[in-house]
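Since the structure comes first, as structure tokens, the remarks are kept for the end.
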Amino acid sequence: MCGIAGIINPECTSVAELRQQLRRMGLWQFHRGPDDWGEWIQGPVALGHNRLSILDIEMGHQPMASVDGTVQVLFNGEIYNFRDLWQELAKKGHSFRTKHSDTEVILNGYREWGCDVFEKLEGMFAIAIWDHTNRSLFLARDRTGIKPLFYAVIKGGGLIFGSEPKSILATGLVQPDFDVDQLTSYFSFRAPRNPHSMLKGISKLTAGCFLRYQMTRGVEAPVQYWSGQLTEALTQSIESSEEQVEQKLEASVLSHLVSDVPVGLFLSGGVDSSLIAALLSKHHVPIDAFTVGTDSPLDETPYATRVARHLGITLH
């Protein structure tokens, strides 16, 4: 978990003021990335990143710039097919300065494919790309909205974005006005309606979408790059479908193990986490599992313990 933050304020002529606002955003998102803070400021554009180091710990500092400095990238998340994209981009002539950073894959991917890169990414992500040549900012969110991303249009046609609404409020450029109209949705669905948040003037980018902000034209309507709709009917047998689902699950679980730090597993003893644990055990992946016990009759510790013993997994 990392935190991304940015301000584009054409009316602000003070770099010191812009830096102060950006750092306040970073302070309110410090819990998302305590390992590193990076910032980049040029003219009315300020980008900041709270980093939780997972991949390429030494060289994955952000914001990450292209070789010519015309493109800056902020990234929160993890791209599971980044190695395949790395090889594809290398064959197309792109060079890499990091050892194995998925952030640099996004950077070079944007330079090669433009906004089509978002559709190629498999993983969880919230991305901000500043293209100085086009004077444009692109915000993108993963297909199912695992990683959060909020934004607000400010006075003078500027834009603020962050991983959490409170970081946007920290700038002092957006008023903390509660949106009463979203209460019904929250109590019914545990969330406000897309693209709203619980605060007036702050929107959340819809999952599977990207949007473009131009200095001269402002915010354009979000573009849906992924819908999740089936394009064709399934005609295979139940047995064949079961085999295919198992293969997909195994591939997905194994792809999530890409990391330069130890990976753990939350084990409740329920079907989902037990299945993931079983697949890891099947492939002899050494992993530590964690569970949370309570005094409640609904405590799942006994179930998690049984699963861990059966699979030979260390449980904490």
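Labels used: A, B, ... for chains in the order of the structure tokens, numbers from 1 for residues in each chain, and numbers from 1 for ligands as shown.
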
(message) If we count only C-alpha atoms and set the cut-off at 7 Å, which residues sit around region 133-139 of chain A, ignoring sequence neighbours fewer than 4 positions away in its own chain? Please answer as an MDAnalysis selection string.
(response) chainID A and resid 70 127:129 210:215

Residue selection dump (C-alpha atoms) as a short mmCIF file (atom, residue, chain, number, x, y, z; two decimals), in the first residue's frame:
data_model
loop_
_atom_site.label_atom_id
_atom_site.label_comp_id
_atom_site.auth_asym_id
_atom_site.auth_seq_id
_atom_site.Cartn_x
_atom_site.Cartn_y
_atom_site.Cartn_z
CA THR A 70 8.86 14.77 -20.09
CA ILE A 127 -1.84 5.65 -11.36
CA ALA A 128 -1.12 9.29 -12.12
CA ILE A 129 0.86 10.25 -15.23
CA PHE A 210 -9.11 6.66 -16.62
CA LEU A 211 -9.57 10.39 -16.99
CA ARG A 212 -7.58 13.17 -18.59
CA TYR A 213 -6.98 16.66 -17.27
CA GLN A 214 -5.56 19.30 -19.60
CA MET A 215 -4.24 22.64 -18.46
#

(message) Neighbouring residues of region 73-79 of chain A were defined as those with any atom within 8 Å, considering only C-alpha atoms; residues of the same chain fewer than 6 positions away were excluded. Please report them as a ChimeraX atom specification.
(response) /A:1-4,47-49,62-65,102-103,106-107,121-130,147

(request) Write out as a PyMOL selection string which residues come within 10 Å of region 18-32 of chain A when counting only C-alpha atoms, dropping same-chain ones fewer than 3 positions away. (result) chain A and resi 1-9+12-15+35-52+76+160-173

Dump C-alpha atoms for the selected residues as a tab-separated table (two decimals), in the first residue's frame?
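The result, stored in result31.tsv:
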chain	number	residue	atom	x	y	z
A	1	MET	CA	0.00	0.00	0.00
A	2	CYS	CA	1.38	3.37	-1.07
A	3	GLY	CA	-0.11	6.83	-1.31
A	4	ILE	CA	-0.13	9.14	-4.31
A	5	ALA	CA	-0.91	12.84	-4.26
A	6	GLY	CA	-0.87	15.74	-6.67
A	7	ILE	CA	-1.87	19.35	-7.20
A	8	ILE	CA	-2.24	21.28	-10.42
A	9	ASN	CA	-3.05	24.87	-9.56
A	12	CYS	CA	-0.62	29.39	-7.55
A	13	THR	CA	2.61	31.27	-8.33
A	14	SER	CA	4.47	30.29	-5.16
A	15	VAL	CA	6.51	27.09	-5.31
A	35	ASP	CA	9.38	3.86	3.77
A	36	ASP	CA	9.97	6.86	1.52
A	37	TRP	CA	8.60	10.25	0.46
A	38	GLY	CA	9.24	11.62	-3.02
A	39	GLU	CA	8.12	14.86	-4.61
A	40	TRP	CA	8.42	16.67	-7.94
A	41	ILE	CA	7.35	20.26	-8.54
A	42	GLN	CA	7.48	22.20	-11.78
A	43	GLY	CA	5.45	25.33	-12.39
A	44	PRO	CA	1.87	24.80	-11.20
A	45	VAL	CA	2.29	21.00	-11.01
A	46	ALA	CA	3.24	19.17	-7.81
A	47	LEU	CA	3.42	15.38	-7.42
A	48	GLY	CA	4.09	13.42	-4.23
A	49	HIS	CA	4.44	9.77	-3.27
A	50	ASN	CA	4.37	7.89	0.05
A	51	ARG	CA	6.10	4.59	-0.60
A	52	LEU	CA	5.71	1.18	0.95
A	76	ASN	CA	0.18	2.72	-5.95
A	160	ILE	CA	-6.13	17.87	-6.79
A	161	PHE	CA	-5.91	14.09	-6.47
A	162	GLY	CA	-4.98	11.68	-3.71
A	163	SER	CA	-5.35	8.15	-2.41
A	164	GLU	CA	-7.62	9.40	0.38
A	165	PRO	CA	-10.12	12.28	0.62
A	166	LYS	CA	-8.51	13.63	3.78
A	167	SER	CA	-5.28	14.29	1.91
A	168	ILE	CA	-7.23	16.49	-0.52
A	169	LEU	CA	-8.81	18.34	2.41
A	170	ALA	CA	-5.35	18.85	3.91
A	171	THR	CA	-4.49	21.32	1.14
A	172	GLY	CA	-7.13	23.75	2.36
A	173	LEU	CA	-8.29	24.19	-1.24

(message) With only C-alpha atoms as the counted atoms, please give the residues lying no more than 7 Å from Leu315 (chain A), apart from itself and same-chain residues fewer than 2 positions off, as a ChimeraX atom specification.
(response) /A:288-290,308,313

(message) According to DSSP computed on the backbone, where in region 23-256 of chain A is there alpha helix (DSSP H)? Give the residues as a PyMOL selection string.
(response) chain A and resi 23-28+82-91+102-113+117-120+165-169+183-189+238-255

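With CA of Ala251 (chain A) on one side and CA of Ile276 (chain A) on the other, the separation reads 11.2 Å.
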
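Atom to atom, CA of His94 (chain A) and CA of Ser66 (chain A) stand 10.8 Å apart.
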
(request) Write out as a PyMOL selection string each polymer residue whose atoms come within 8 Å of Leu267 (chain A), counting only C-alpha atoms; drop sequence neighbours fewer than 2 positions from it. (result) chain A and resi 265+269-270+273-274+277+289-291+304

If you keep C-alpha atoms, can you produce a file of those selected residues as a PDB file, in the first residue's frame?
ATOM      1  CA  LEU A 265      -1.441 -14.963   4.174  1.00  0.00           C
ATOM      2  CA  GLY A 269     -10.470 -21.035   7.931  1.00  0.00           C
ATOM      3  CA  GLY A 270     -13.168 -20.034   5.453  1.00  0.00           C
ATOM      4  CA  SER A 273      -8.443 -18.196   2.344  1.00  0.00           C
ATOM      5  CA  SER A 274      -8.292 -21.985   2.825  1.00  0.00           C
ATOM      6  CA  ALA A 277      -3.519 -21.744   1.379  1.00  0.00           C
ATOM      7  CA  ALA A 289      -0.245 -17.419   7.808  1.00  0.00           C
ATOM      8  CA  PHE A 290      -1.911 -15.035  10.246  1.00  0.00           C
ATOM      9  CA  THR A 291      -5.314 -15.060  11.903  1.00  0.00           C
ATOM     10  CA  ALA A 304      -7.766 -21.623  10.724  1.00  0.00           C
TER      11      ALA A 304
END

(request) Per DSSP on the backbone, filter region 169-285 of chain A down to the residues in strand (DSSP E or B) and report them as a ChimeraX atom specification. (result) /A:178,196,199,203-204,209-214,218-219,223-224,264-266

May I have the selected residues written with C-alpha atoms, as a PDB file, in the first residue's frame?
ATOM      1  CA  PHE A 178     -20.554  16.536   4.069  1.00  0.00           C
ATOM      2  CA  HIS A 196     -19.331  10.471  -5.500  1.00  0.00           C
ATOM      3  CA  LEU A 199     -17.720  14.884   0.724  1.00  0.00           C
ATOM      4  CA  SER A 203     -15.102  12.440  -6.562  1.00  0.00           C
ATOM      5  CA  LYS A 204     -13.687   8.941  -6.713  1.00  0.00           C
ATOM      6  CA  CYS A 209     -11.648   3.962 -15.899  1.00  0.00           C
ATOM      7  CA  PHE A 210      -9.111   6.663 -16.622  1.00  0.00           C
ATOM      8  CA  LEU A 211      -9.567  10.391 -16.989  1.00  0.00           C
ATOM      9  CA  ARG A 212      -7.582  13.171 -18.593  1.00  0.00           C
ATOM     10  CA  TYR A 213      -6.983  16.659 -17.272  1.00  0.00           C
ATOM     11  CA  GLN A 214      -5.564  19.300 -19.601  1.00  0.00           C
ATOM     12  CA  GLY A 218      -9.837  21.084 -17.604  1.00  0.00           C
ATOM     13  CA  VAL A 219     -11.178  17.639 -16.678  1.00  0.00           C
ATOM     14  CA  VAL A 223     -13.121   6.780 -20.142  1.00  0.00           C
ATOM     15  CA  GLN A 224     -13.990   3.159 -19.376  1.00  0.00           C
ATOM     16  CA  GLY A 264       2.077 -13.558   4.283  1.00  0.00           C
ATOM     17  CA  LEU A 265      -1.441 -14.963   4.174  1.00  0.00           C
ATOM     18  CA  PHE A 266      -4.503 -14.010   6.199  1.00  0.00           C
TER      19      PHE A 266
END
